[in-house]
$ cat my_file.cif   # mmCIF, C-alpha atoms
data_upload
loop_
_atom_site.label_atom_id
_atom_site.label_comp_id
_atom_site.auth_asym_id
_atom_site.auth_seq_id
_atom_site.Cartn_x
_atom_site.Cartn_y
_atom_site.Cartn_z
CA MET G 1 -22.88 3.59 -23.11
CA ALA G 2 -25.10 6.65 -23.27
CA GLN G 3 -27.70 7.32 -20.63
CA GLU G 4 -31.29 7.07 -21.85
CA GLU G 5 -33.19 10.24 -22.65
CA GLY G 6 -35.26 11.53 -19.78
CA SER G 7 -33.21 9.72 -17.17
CA SER G 8 -32.56 11.10 -13.73
CA SER G 9 -28.89 10.77 -12.81
CA VAL G 10 -27.96 10.97 -9.14
CA THR G 11 -24.35 9.92 -9.37
CA SER G 12 -22.83 12.76 -7.36
CA SER G 13 -25.08 12.30 -4.31
CA PRO G 14 -28.82 12.73 -4.15
CA LEU G 15 -28.62 14.20 -0.66
CA GLN G 16 -26.47 17.20 -1.52
CA PHE G 17 -29.61 19.12 -2.42
CA LEU G 18 -31.53 20.98 0.25
CA PRO G 19 -35.21 20.15 0.81
CA TRP G 20 -37.35 22.73 -0.91
CA MET G 21 -40.91 21.43 -0.76
CA PRO G 22 -42.99 21.32 2.47
CA LEU G 23 -44.74 18.14 3.55
CA SER G 24 -47.56 18.28 6.07
CA PRO G 25 -50.98 16.73 6.71
CA GLY G 26 -52.61 19.84 5.25
CA MET G 27 -50.94 19.41 1.89
CA GLY G 28 -53.24 16.66 0.74
CA SER G 29 -52.56 14.33 -2.14
CA PRO G 30 -52.04 14.23 -4.93
CA TYR G 31 -51.39 17.54 -6.65
CA PRO G 32 -51.78 17.33 -10.46
CA TRP G 33 -48.55 19.23 -11.08
CA LEU G 34 -46.52 16.47 -9.45
CA ARG G 35 -46.90 14.34 -12.57
CA GLU G 36 -45.86 17.22 -14.84
CA LEU G 37 -42.44 17.71 -13.24
CA LYS G 38 -39.39 17.35 -15.44
CA SER G 39 -37.12 14.41 -14.73
CA GLU G 40 -34.52 16.33 -12.69
CA ASP G 41 -37.14 18.23 -10.68
CA ARG G 42 -39.06 15.02 -10.09
CA GLY G 43 -35.90 13.38 -8.78
CA LEU G 44 -35.27 16.22 -6.31
CA CYS G 45 -38.90 16.12 -5.25
CA LEU G 46 -38.72 12.37 -4.63
CA ILE G 47 -35.57 12.74 -2.54
CA HIS G 48 -37.25 15.34 -0.35
CA LEU G 49 -40.46 13.35 -0.03
CA LEU G 50 -38.55 10.17 0.88
CA LEU G 51 -36.49 11.87 3.59
CA ALA G 52 -39.52 13.67 5.01
CA CYS G 53 -41.54 10.46 5.02
CA ALA G 54 -38.69 8.53 6.67
CA ASN G 55 -38.54 11.21 9.39
CA HIS G 56 -42.25 10.73 10.05
CA VAL G 57 -41.82 6.95 10.18
CA ALA G 58 -38.90 7.30 12.61
CA ALA G 59 -40.98 9.64 14.81
CA GLY G 60 -43.95 7.28 14.78
CA SER G 61 -46.17 9.80 12.99
CA ILE G 62 -48.16 7.28 10.98
CA GLU G 63 -50.70 9.78 9.60
CA ASN G 64 -48.01 12.05 8.17
CA ALA G 65 -46.04 9.05 6.89
CA ASN G 66 -49.15 7.76 5.13
CA ILE G 67 -49.64 11.11 3.38
CA GLY G 68 -46.01 11.04 2.28
CA LEU G 69 -46.26 7.50 0.94
CA GLU G 70 -49.38 8.43 -1.02
CA GLN G 71 -47.66 11.42 -2.61
CA ILE G 72 -44.57 9.39 -3.47
CA SER G 73 -46.71 6.66 -5.04
CA HIS G 74 -47.82 9.09 -7.76
CA LEU G 75 -44.21 9.76 -8.75
CA ALA G 76 -42.37 6.50 -8.06
CA SER G 77 -42.26 3.56 -10.46
CA PRO G 78 -40.16 0.36 -10.60
CA ASP G 79 -40.04 0.86 -14.39
CA GLY G 80 -39.11 4.56 -14.45
CA ASP G 81 -35.83 6.46 -14.24
CA THR G 82 -33.23 6.04 -11.51
CA MET G 83 -34.97 8.03 -8.76
CA GLN G 84 -38.43 6.69 -9.61
CA ARG G 85 -37.14 3.12 -9.24
CA ILE G 86 -35.27 3.86 -6.02
CA ALA G 87 -38.31 5.60 -4.56
CA ALA G 88 -40.49 2.58 -5.33
CA TYR G 89 -38.28 0.26 -3.27
CA PHE G 90 -37.65 2.72 -0.43
CA THR G 91 -41.37 3.36 -0.02
CA ALA G 92 -41.94 -0.41 0.07
CA GLY G 93 -39.40 -0.61 2.91
CA LEU G 94 -40.92 2.30 4.82
CA ALA G 95 -44.43 0.88 4.41
CA ASP G 96 -43.25 -2.54 5.60
CA ARG G 97 -41.72 -0.95 8.70
CA ILE G 98 -45.00 0.79 9.50
CA LEU G 99 -46.96 -2.39 8.90
CA LYS G 100 -44.82 -4.26 11.43
CA GLY G 101 -46.58 -2.21 14.09
CA TRP G 102 -49.49 -4.58 13.52
CA PRO G 103 -47.78 -8.00 13.60
CA GLY G 104 -50.88 -10.01 12.74
CA LEU G 105 -51.67 -7.86 9.72
CA HIS G 106 -48.02 -7.93 8.63
CA ARG G 107 -47.82 -11.72 8.83
CA ALA G 108 -51.10 -12.11 6.97
CA LEU G 109 -49.88 -9.92 4.12
CA ASN G 110 -46.37 -11.41 4.12
CA PRO G 111 -46.79 -15.18 4.52
CA LYS G 112 -43.56 -17.15 4.78
CA GLN G 113 -42.67 -18.69 1.45
CA ALA G 114 -39.86 -21.06 0.67
CA SER G 115 -37.47 -19.23 -1.62
CA LEU G 116 -36.58 -20.95 -4.84
CA ILE G 117 -32.89 -21.79 -4.87
CA SER G 118 -32.84 -21.44 -8.64
CA GLU G 119 -34.11 -17.85 -8.36
CA GLU G 120 -31.48 -16.96 -5.75
CA ILE G 121 -28.74 -18.41 -7.92
CA LEU G 122 -30.10 -16.56 -10.94
CA VAL G 123 -30.18 -13.14 -9.31
CA GLN G 124 -26.63 -13.53 -7.99
CA ARG G 125 -25.51 -14.54 -11.46
CA LEU G 126 -27.24 -11.50 -12.96
CA PHE G 127 -25.47 -9.21 -10.49
CA PHE G 128 -22.17 -10.76 -11.57
CA GLU G 129 -22.99 -10.20 -15.24
CA LEU G 130 -24.51 -6.71 -15.09
CA PHE G 131 -21.85 -5.12 -12.85
CA PRO G 132 -18.03 -5.32 -13.01
CA PHE G 133 -17.51 -5.30 -9.22
CA LEU G 134 -17.03 -9.02 -8.65
CA LYS G 135 -15.16 -9.47 -11.92
CA LEU G 136 -12.70 -6.77 -10.84
CA SER G 137 -12.44 -8.34 -7.41
CA TYR G 138 -11.56 -11.67 -9.02
CA VAL G 139 -8.87 -10.08 -11.21
CA ILE G 140 -7.31 -8.31 -8.20
CA THR G 141 -7.62 -11.33 -5.90
CA ASN G 142 -6.12 -13.79 -8.37
CA GLN G 143 -3.15 -11.50 -8.96
CA ALA G 144 -2.59 -11.30 -5.19
CA ILE G 145 -2.74 -15.11 -4.99
CA ILE G 146 -0.25 -15.57 -7.84
CA GLU G 147 2.20 -13.17 -6.19
CA ALA G 148 1.79 -14.61 -2.68
CA MET G 149 2.02 -18.24 -3.80
CA GLU G 150 5.01 -17.91 -6.11
CA GLY G 151 7.14 -21.05 -5.89
CA GLU G 152 4.63 -22.94 -3.72
CA ARG G 153 4.02 -26.56 -4.71
CA MET G 154 0.74 -26.83 -2.82
CA VAL G 155 -1.93 -24.15 -2.49
CA HIS G 156 -5.10 -24.42 -0.44
CA ILE G 157 -7.83 -21.83 -1.05
CA ILE G 158 -10.81 -21.47 1.27
CA ASP G 159 -13.66 -19.72 -0.51
CA LEU G 160 -16.11 -18.45 2.11
CA ASN G 161 -18.82 -17.81 -0.48
CA SER G 162 -18.20 -20.44 -3.10
CA SER G 163 -20.78 -19.57 -5.72
CA GLU G 164 -19.01 -18.37 -8.87
CA PRO G 165 -16.56 -20.70 -10.70
CA ALA G 166 -15.31 -17.99 -13.10
CA GLN G 167 -12.67 -16.72 -10.67
CA TRP G 168 -11.09 -20.11 -10.05
CA ILE G 169 -11.28 -21.14 -13.71
CA ASN G 170 -9.20 -18.07 -14.52
CA LEU G 171 -6.77 -18.92 -11.71
CA LEU G 172 -6.40 -22.49 -12.97
CA GLN G 173 -5.58 -21.19 -16.44
CA THR G 174 -3.01 -18.77 -15.03
CA LEU G 175 -1.38 -21.42 -12.83
CA SER G 176 -1.13 -23.81 -15.78
CA ALA G 177 1.20 -21.35 -17.49
CA ARG G 178 3.63 -21.08 -14.55
CA PRO G 179 7.22 -21.71 -15.76
CA GLU G 180 7.88 -24.12 -12.90
CA GLY G 181 4.58 -25.89 -13.52
CA PRO G 182 1.27 -25.62 -11.67
CA PRO G 183 1.00 -26.40 -7.97
CA HIS G 184 -1.37 -28.92 -6.47
CA LEU G 185 -4.48 -26.79 -5.95
CA ARG G 186 -7.06 -27.54 -3.30
CA ILE G 187 -10.19 -25.40 -2.94
CA THR G 188 -12.49 -25.69 0.05
CA GLY G 189 -15.80 -24.20 -1.05
CA ILE G 190 -18.32 -23.05 1.56
CA HIS G 191 -21.94 -22.35 0.72
CA GLU G 192 -25.36 -22.99 2.21
CA GLN G 193 -26.84 -24.45 -0.97
CA LYS G 194 -25.89 -27.93 -2.13
CA GLU G 195 -26.75 -27.24 -5.77
CA VAL G 196 -24.29 -24.34 -5.91
CA LEU G 197 -21.43 -26.44 -4.53
CA GLU G 198 -22.21 -29.31 -6.91
CA GLN G 199 -22.04 -26.96 -9.89
CA MET G 200 -18.78 -25.47 -8.60
CA ALA G 201 -17.22 -28.90 -8.21
CA LEU G 202 -18.28 -29.97 -11.70
CA ARG G 203 -17.04 -26.86 -13.50
CA LEU G 204 -13.70 -26.66 -11.68
CA THR G 205 -12.92 -30.37 -11.91
CA GLU G 206 -13.59 -30.33 -15.65
CA GLU G 207 -11.29 -27.33 -16.14
CA ALA G 208 -8.51 -28.82 -14.00
CA GLU G 209 -8.65 -32.10 -15.94
CA LYS G 210 -8.52 -30.23 -19.25
CA LEU G 211 -5.44 -28.31 -18.07
CA ASP G 212 -3.90 -31.39 -16.40
CA ILE G 213 -3.57 -29.64 -13.01
CA PRO G 214 -3.63 -31.65 -9.76
CA PHE G 215 -6.85 -30.46 -8.18
CA GLN G 216 -9.21 -31.20 -5.30
CA PHE G 217 -12.51 -29.52 -4.44
CA ASN G 218 -13.85 -29.97 -0.90
CA PRO G 219 -17.44 -28.77 -0.47
CA ILE G 220 -18.72 -27.63 2.93
CA LEU G 221 -22.48 -27.18 3.16
CA HIS G 222 -22.70 -24.48 5.82
CA THR G 223 -23.45 -20.89 6.64
CA LEU G 224 -20.70 -18.86 8.29
CA LEU G 225 -22.77 -18.83 11.47
CA ALA G 226 -21.82 -22.47 12.01
CA MET G 227 -18.48 -22.44 10.31
CA ASP G 228 -15.67 -22.26 12.86
CA ASP G 229 -16.05 -25.80 14.25
CA GLU G 230 -16.29 -27.24 10.76
CA MET G 231 -13.21 -25.33 9.62
CA HIS G 232 -11.24 -26.75 12.53
CA ARG G 233 -12.52 -30.26 11.88
CA ARG G 234 -11.94 -30.43 8.13
CA ASN G 235 -8.81 -28.37 7.70
CA SER G 236 -6.71 -28.78 10.83
CA PRO G 237 -3.80 -29.00 10.88
CA SER G 238 -3.81 -26.71 7.84
CA GLY G 239 -0.05 -26.17 7.96
CA SER G 240 0.89 -29.83 8.01
CA LYS G 241 3.46 -31.04 5.55
CA ASN G 242 2.49 -33.05 2.55
CA PRO G 243 4.42 -36.34 2.68
CA ASN G 244 5.44 -35.89 -0.97
CA SER G 245 6.53 -32.28 -0.69
CA ASN G 246 9.29 -30.28 0.96
CA HIS G 247 7.04 -27.21 1.14
CA PHE G 248 4.42 -26.35 3.70
CA GLN G 249 0.90 -26.07 2.43
CA ARG G 250 -0.14 -22.43 2.08
CA VAL G 251 -3.71 -21.34 2.70
CA GLN G 252 -5.40 -18.42 0.99
CA ILE G 253 -8.79 -17.32 2.29
CA ASN G 254 -11.12 -15.52 -0.06
CA GLN G 255 -14.52 -14.04 0.59
CA ASN G 256 -16.82 -11.64 -1.21
CA GLN G 257 -19.13 -8.93 0.02
CA ARG G 258 -22.06 -11.11 1.00
CA THR G 259 -20.44 -13.38 3.58
CA LEU G 260 -17.83 -12.48 6.19
CA GLY G 261 -18.89 -8.85 6.49
CA ASP G 262 -22.54 -9.63 7.06
CA TRP G 263 -21.71 -12.30 9.66
CA LEU G 264 -19.20 -10.26 11.63
CA GLU G 265 -21.30 -7.11 11.64
CA ARG G 266 -24.42 -8.94 12.74
CA ASP G 267 -22.51 -10.56 15.58
CA VAL G 268 -21.04 -7.22 16.69
CA VAL G 269 -24.48 -5.69 16.94
CA ASN G 270 -25.81 -8.61 18.97
CA ALA G 271 -22.85 -8.37 21.31
CA TYR G 272 -22.83 -4.57 21.65
CA SER G 273 -26.49 -3.72 21.24
CA SER G 274 -26.23 -0.93 23.81
CA SER G 275 -23.85 1.00 21.57
CA PRO G 276 -25.78 3.38 19.27
CA ASP G 277 -23.33 2.83 16.43
CA SER G 278 -20.37 0.54 16.54
CA ALA G 279 -18.35 3.17 14.65
CA LEU G 280 -18.61 5.46 17.67
CA SER G 281 -17.41 2.98 20.27
CA PRO G 282 -13.83 1.66 20.33
CA LEU G 283 -15.08 -1.35 22.29
CA SER G 284 -17.27 -2.39 19.39
CA LEU G 285 -14.19 -3.00 17.27
CA ALA G 286 -12.91 -5.71 19.59
CA ALA G 287 -14.00 -9.24 18.87
CA SER G 288 -17.06 -10.54 20.70
CA PRO G 289 -16.79 -14.16 21.92
CA LYS G 290 -18.52 -15.51 18.82
CA MET G 291 -16.58 -13.37 16.37
CA GLY G 292 -13.39 -14.08 18.28
CA SER G 293 -14.02 -17.79 17.86
CA PHE G 294 -14.48 -17.35 14.13
CA LEU G 295 -11.32 -15.26 13.73
CA ASN G 296 -9.40 -17.78 15.82
CA ALA G 297 -10.59 -20.48 13.43
CA LEU G 298 -9.23 -18.45 10.52
CA ARG G 299 -5.91 -17.92 12.30
CA SER G 300 -5.64 -21.64 13.08
CA LEU G 301 -5.50 -22.25 9.33
CA SER G 302 -2.26 -20.21 9.23
CA PRO G 303 -3.36 -18.27 6.15
CA LYS G 304 -0.60 -16.76 4.11
CA LEU G 305 -3.13 -14.47 2.47
CA MET G 306 -6.73 -13.40 3.11
CA VAL G 307 -8.56 -11.27 0.55
CA ILE G 308 -11.78 -9.47 1.45
CA THR G 309 -14.25 -7.78 -0.90
CA GLU G 310 -16.89 -5.67 0.84
CA GLN G 311 -19.51 -3.08 0.05
CA GLU G 312 -18.14 0.37 0.81
CA SER G 313 -21.20 1.54 2.71
CA ASN G 314 -22.42 2.00 6.26
CA HIS G 315 -25.80 0.34 6.65
CA ASN G 316 -25.19 -0.44 10.31
CA GLY G 317 -26.27 2.89 11.81
CA PHE G 318 -28.37 2.83 14.96
CA THR G 319 -31.07 5.27 13.81
CA LEU G 320 -33.42 4.77 10.90
CA MET G 321 -32.50 8.12 9.35
CA GLU G 322 -28.79 7.26 9.37
CA ARG G 323 -29.50 4.07 7.46
CA VAL G 324 -31.98 5.66 5.05
CA THR G 325 -29.56 8.47 4.21
CA GLU G 326 -26.59 6.16 3.64
CA ALA G 327 -28.63 3.57 1.74
CA LEU G 328 -30.19 6.23 -0.49
CA ASN G 329 -26.74 7.43 -1.55
CA PHE G 330 -25.35 3.92 -2.03
CA TYR G 331 -28.25 2.39 -3.95
CA ALA G 332 -28.75 5.54 -6.01
CA ALA G 333 -25.27 4.94 -7.40
CA LEU G 334 -25.99 1.25 -8.10
CA PHE G 335 -29.27 2.07 -9.84
CA ASP G 336 -27.49 4.79 -11.79
CA CYS G 337 -24.93 2.22 -12.98
CA LEU G 338 -27.76 0.19 -14.48
CA GLU G 339 -29.50 3.26 -15.88
CA SER G 340 -26.33 4.10 -17.81
CA THR G 341 -25.66 0.62 -19.16
CA VAL G 342 -28.89 -1.43 -19.33
CA SER G 343 -32.23 -0.76 -21.01
CA ARG G 344 -35.11 0.17 -18.72
CA VAL G 345 -37.23 -2.63 -20.15
CA SER G 346 -34.59 -5.28 -19.44
CA LEU G 347 -36.06 -8.20 -17.51
CA GLU G 348 -32.63 -8.99 -16.07
CA ARG G 349 -32.30 -5.44 -14.73
CA HIS G 350 -35.75 -5.64 -13.17
CA LYS G 351 -34.91 -8.93 -11.43
CA VAL G 352 -31.70 -7.57 -9.90
CA GLU G 353 -33.38 -4.36 -8.75
CA LYS G 354 -36.42 -6.09 -7.26
CA MET G 355 -35.07 -9.42 -5.98
CA LEU G 356 -31.64 -8.24 -4.81
CA PHE G 357 -31.49 -4.49 -4.22
CA GLY G 358 -35.17 -4.17 -3.28
CA GLU G 359 -34.90 -6.90 -0.65
CA GLU G 360 -31.68 -5.43 0.76
CA ILE G 361 -33.26 -1.97 1.00
CA LYS G 362 -36.32 -3.40 2.75
CA ASN G 363 -34.13 -5.22 5.25
CA ILE G 364 -32.07 -2.11 6.02
CA ILE G 365 -35.16 0.05 6.54
CA ALA G 366 -37.85 -2.26 7.91
CA CYS G 367 -35.92 -4.63 10.17
CA GLU G 368 -34.25 -4.33 13.56
CA GLY G 369 -32.31 -6.67 15.83
CA ALA G 370 -31.52 -10.15 14.57
CA ASP G 371 -33.88 -9.70 11.61
CA ARG G 372 -31.68 -6.98 10.12
CA LYS G 373 -29.09 -8.89 8.09
CA GLU G 374 -27.69 -6.10 5.88
CA ARG G 375 -25.10 -4.47 8.14
CA HIS G 376 -22.29 -3.38 5.82
CA GLU G 377 -19.57 -1.13 7.18
CA LYS G 378 -16.85 0.84 5.47
CA LEU G 379 -13.24 -0.13 4.89
CA GLU G 380 -11.87 2.24 7.52
CA LYS G 381 -13.66 0.31 10.26
CA TRP G 382 -12.68 -3.09 8.86
CA ILE G 383 -9.04 -2.08 8.88
CA LEU G 384 -9.24 -1.27 12.60
CA ARG G 385 -11.25 -4.38 13.43
CA LEU G 386 -8.98 -6.82 11.60
CA GLU G 387 -5.83 -5.21 12.98
CA LEU G 388 -7.20 -5.67 16.49
CA ALA G 389 -7.86 -9.31 15.62
CA GLY G 390 -4.19 -9.85 14.78
CA PHE G 391 -4.20 -9.43 11.00
CA GLY G 392 -1.93 -7.05 9.12
CA ILE G 393 -2.75 -5.44 5.80
CA ILE G 394 -0.84 -6.45 2.66
CA PRO G 395 -0.71 -3.61 0.12
CA LEU G 396 -2.17 -4.75 -3.19
CA SER G 397 0.37 -4.51 -6.00
CA TYR G 398 0.49 -1.96 -8.79
CA HIS G 399 0.27 -4.85 -11.23
CA GLY G 400 -3.06 -5.92 -9.76
CA ARG G 401 -4.46 -2.42 -10.15
CA LEU G 402 -3.08 -2.21 -13.68
CA GLN G 403 -4.81 -5.45 -14.64
CA ALA G 404 -8.09 -4.22 -13.16
CA ASN G 405 -7.90 -0.95 -15.13
CA ARG G 406 -7.14 -2.87 -18.31
CA PHE G 407 -10.19 -5.02 -17.67
CA LEU G 408 -12.40 -1.93 -17.40
CA GLN G 409 -10.99 -0.52 -20.62
CA SER G 410 -11.19 -3.80 -22.53
CA TYR G 411 -14.88 -4.36 -21.75
CA GLY G 412 -15.97 -0.73 -22.11
CA TYR G 413 -17.02 -0.13 -18.51
CA ASP G 414 -17.22 3.64 -18.81
CA GLY G 415 -17.87 5.52 -15.59
CA TYR G 416 -16.14 3.02 -13.31
CA LYS G 417 -12.89 3.92 -11.57
CA ILE G 418 -10.36 2.20 -9.30
CA LYS G 419 -8.66 4.14 -6.52
CA GLU G 420 -5.93 3.17 -4.09
CA GLU G 421 -6.54 3.84 -0.37
CA ASN G 422 -4.18 2.69 2.38
CA GLY G 423 -2.88 -0.18 0.28
CA CYS G 424 -6.41 -1.32 -0.60
CA LEU G 425 -8.30 -0.83 -3.86
CA VAL G 426 -11.70 0.87 -3.98
CA ILE G 427 -14.02 0.40 -6.95
CA CYS G 428 -16.08 3.49 -7.72
CA TRP G 429 -18.95 4.51 -9.95
CA GLN G 430 -17.83 7.96 -11.08
CA ASP G 431 -16.43 9.28 -7.75
CA ARG G 432 -18.67 7.27 -5.42
CA PRO G 433 -16.84 4.34 -3.72
CA LEU G 434 -19.02 1.21 -3.87
CA PHE G 435 -16.78 -1.80 -3.15
CA SER G 436 -13.38 -2.30 -1.56
CA VAL G 437 -10.81 -5.07 -1.99
CA SER G 438 -8.18 -5.59 0.71
CA ALA G 439 -5.52 -8.24 1.39
CA TRP G 440 -4.43 -9.45 4.83
CA LYS G 441 -2.11 -11.85 6.57
CA PHE G 442 -1.82 -13.04 10.14
CA ARG G 443 1.05 -11.14 11.76
CA ARG G 444 2.86 -14.41 12.37
CA TYR G 445 4.11 -14.15 8.78
CA GLU G 446 5.62 -10.72 9.23
#
$ encode --input "my_file.cif" --output "structure tokens"
Amino acid sequence: MAQEEGSSSVTSSPLQFLPWMPLSPGMGSPYPWLRELKSEDRGLCLIHLLLACANHVAAGSIENANIGLEQISHLASPDGDTMQRIAAYFTAGLADRILKGWPGLHRALNPKQASLISEEILVQRLFFELFPFLKLSYVITNQAIIEAMEGERMVHIIDLNSSEPAQWINLLQTLSARPEGPPHLRITGIHEQKEVLEQMALRLTEEAEKLDIPFQFNPILHTLLAMDDEMHRRNSPSGSKNPNSNHFQRVQINQNQRTLGDWLERDVVNAYSSSPDSALSPLSLAASPKMGSFLNALRSLSPKLMVITEQESNHNGFTLMERVTEALNFYAALFDCLESTVSRVSLERHKVEKMLFGEEIKNIIACEGADRKERHEKLEKWILRLELAGFGIIPLSYHGRLQANRFLQSYGYDGYKIKEENGCLVICWQDRPLFSVSAWKFRRYE
């Protein structure tokens, strides 16, 4: 789909341009000509102003940061083009970080409110619908499952973020067409919201009954922070024989970008807080006691296959400027995806940008320590970390990549690409990697 007239595209990388406009207390605000800038010039100006303002925030120069925020406010808009929208949410994050210097004032302006579960479910559903990332992950993952579970009479899937039934409905339909007949399929769904699990159980049970497939859905109401004991209790021994079968039960573990990665990265930072960036310290790749316990719980399930989908970004840098720079590049690409495919006046687009991306950006910029939840890391680090934990990578098949490319072509997802890296698949917007899909097995199966 064509990009709207007057849009500001930043697909290549907004930070490849050198700063060209000075920012200082003497500059004042605002200058009338700021509003008269053309879209591309305005985008470059916003990038410079954001980086300069973030530098002032990092240095504790509140007066200069305030001047920068005021200048940006006359250019940014949550209803504008790509860079105007990004700037609106980044300035909100920078302002929130400054405001935390006055805890009483911050709490008064940000009272704790119980989040509506229906709103959280809605925004996750909108992300699924507006972007192809999870759909592609499901296509690739299901193909890996079909190949790994060929000939198995019993299959047990553990879904570590069981929120979207579409993937498993498609798998049920594929398994029903197996020449040797479908296996007995058991899915253990893990989620922190009861309503989500209930909807999953209903949809999948209905589909299994329609297809006449032996099926069982086991819900676990948990976060991953409290998962390892529950996994041992409910699923051990996972490799036990079924009394009616001559085949061992095979376990496939699936998780998407909002679960395992966030949990493991957060635990690494807590355990190695003295390390400026876990990417720089080999010790940070080894499992901390808590992460080791979780990985041991996964290994105790004797998984034949584990598929991981993660954001291809590094939001776990030690310094604020590292995180701002990386996040600006990453979210610029996501906002550009929407700019190229969804109307600017779309309410659905606004909800995803504000309630999902905006909150993630604020957390990356404004929060530190245990409060900072968004700690994504890139595939290269996950490969090292999982290998140290005893898992070996399984190259994803050519057929899986072929199916994913056909999906992009069939649904007209122009601008998206799939690349192969070290046996894993990386989903890109233009040439910017945004999500990775990798498959693993415990080395016991080698």
$ resolve_selection --input "my_file.cif" --expression "the PyMOL selection byres ((chain G and resi 141) around 9)" --output "short mmCIF file (atom, residue, chain, number, x, y, z; two decimals) with C-alpha atoms, keeping the file's coordinate frame"
data_model
loop_
_atom_site.label_atom_id
_atom_site.label_comp_id
_atom_site.auth_asym_id
_atom_site.auth_seq_id
_atom_site.Cartn_x
_atom_site.Cartn_y
_atom_site.Cartn_z
CA LEU G 136 -12.70 -6.77 -10.84
CA SER G 137 -12.44 -8.34 -7.41
CA TYR G 138 -11.56 -11.67 -9.02
CA VAL G 139 -8.87 -10.08 -11.21
CA ILE G 140 -7.31 -8.31 -8.20
CA ASN G 142 -6.12 -13.79 -8.37
CA GLN G 143 -3.15 -11.50 -8.96
CA ALA G 144 -2.59 -11.30 -5.19
CA ILE G 145 -2.74 -15.11 -4.99
CA ILE G 146 -0.25 -15.57 -7.84
CA GLN G 167 -12.67 -16.72 -10.67
CA ASN G 254 -11.12 -15.52 -0.06
CA VAL G 307 -8.56 -11.27 0.55
CA ILE G 308 -11.78 -9.47 1.45
CA LEU G 396 -2.17 -4.75 -3.19
CA GLY G 400 -3.06 -5.92 -9.76
CA VAL G 437 -10.81 -5.07 -1.99
CA SER G 438 -8.18 -5.59 0.71
CA ALA G 439 -5.52 -8.24 1.39
#
$ atom_distance --input "my_file.cif" --atom1 "CA of Glu353 in chain G" --atom2 "CA of Lys417 in chain G"
22.3 Å
$ resolve_selection --input "my_file.cif" --expression "the PyMOL selection byres ((chain G and resi 128) around 12)" --output "number ranges by chain"
G: 121-127, 129-138, 163-167, 256, 348-349, 352, 356
$ resolve_selection --input "my_file.cif" --expression "the PyMOL selection byres ((chain G and resi 45-58) around 7)" --output "JSON, numbers by chain"
{"G": [14, 19, 41, 42, 43, 44, 59, 60, 61, 62, 64, 65, 68, 69, 72, 87, 94, 98, 320, 321]}
$ closest_residue --input "my_file.cif" --among "G:Glu152, G:Glu147, G:Glu36, G:Glu195" --to "Glu120 in chain G" --atoms "all atoms listed in the file"
G:Glu195
$ closest_residue --input "my_file.cif" --among "G:Ser410, G:Asn296, G:Asn329, G:Gln430" --to "Ala389 in chain G" --atoms "all atoms listed in the file"
G:Asn296
$ axis_aligned_box --input "my_file.cif" --around "range 48-61 of chain G" --padding-each-side "5 Å" --output "lines of an AutoDock Vina configuration file"
center_x = -41.3
center_y = 11.1
center_z = 7.2
size_x = 19.7
size_y = 18.4
size_z = 25.2
$ closest_residue --input "my_file.cif" --among "G:Asn66, G:Glu40, G:Asp79, G:Phe407" --to "Val345 in chain G" --atoms "all atoms listed in the file"
G:Asp79
$ residues_around --input "my_file.cif" --residues "Ile365 in chain G" --least-positions-apart "4" --cutoff "9 Å" --atoms "only C-alpha atoms" --output "ChimeraX atom specification"
/G:90,93-94,96-97,320-321,323-324,327,360-361,372
$ atom_distance --input "my_file.cif" --atom1 "CA of Thr188 in chain G" --atom2 "CA of Pro219 in chain G"
5.9 Å
$ closest_residue --input "my_file.cif" --among "G:Ile383, G:Ile86, G:Ile394, G:Leu172" --to "Phe330 in chain G" --atoms "all atoms listed in the file"
G:Ile86
$ atom_distance --input "my_file.cif" --atom1 "CA of Met306 in chain G" --atom2 "CA of Asp414 in chain G"
29.7 Å
$ closest_residue --input "my_file.cif" --among "G:Pro182, G:Gly151, G:Gly392, G:Pro303" --to "Ile213 in chain G" --atoms "all atoms listed in the file"
G:Pro182
$ closest_residue --input "my_file.cif" --among "G:Met355, G:Ser302, G:Glu150, G:Lys38" --to "Glu180 in chain G" --atoms "all atoms listed in the file"
G:Glu150
$ residues_near_point --input "my_file.cif" --point "(-2.8, -15.0, 13.4)" --cutoff "6 Å" --atoms "all atoms listed in the file" --output "NGL selection string"
:G and (299 or 390 or 442-444)
$ residues_around --input "my_file.cif" --residues "Ser436 in chain G" --least-positions-apart "6" --cutoff "10 Å" --atoms "all atoms listed in the file" --output "PyMOL selection string"
chain G and resi 133+137+256-257+308-313+378-379+418-421+424-428
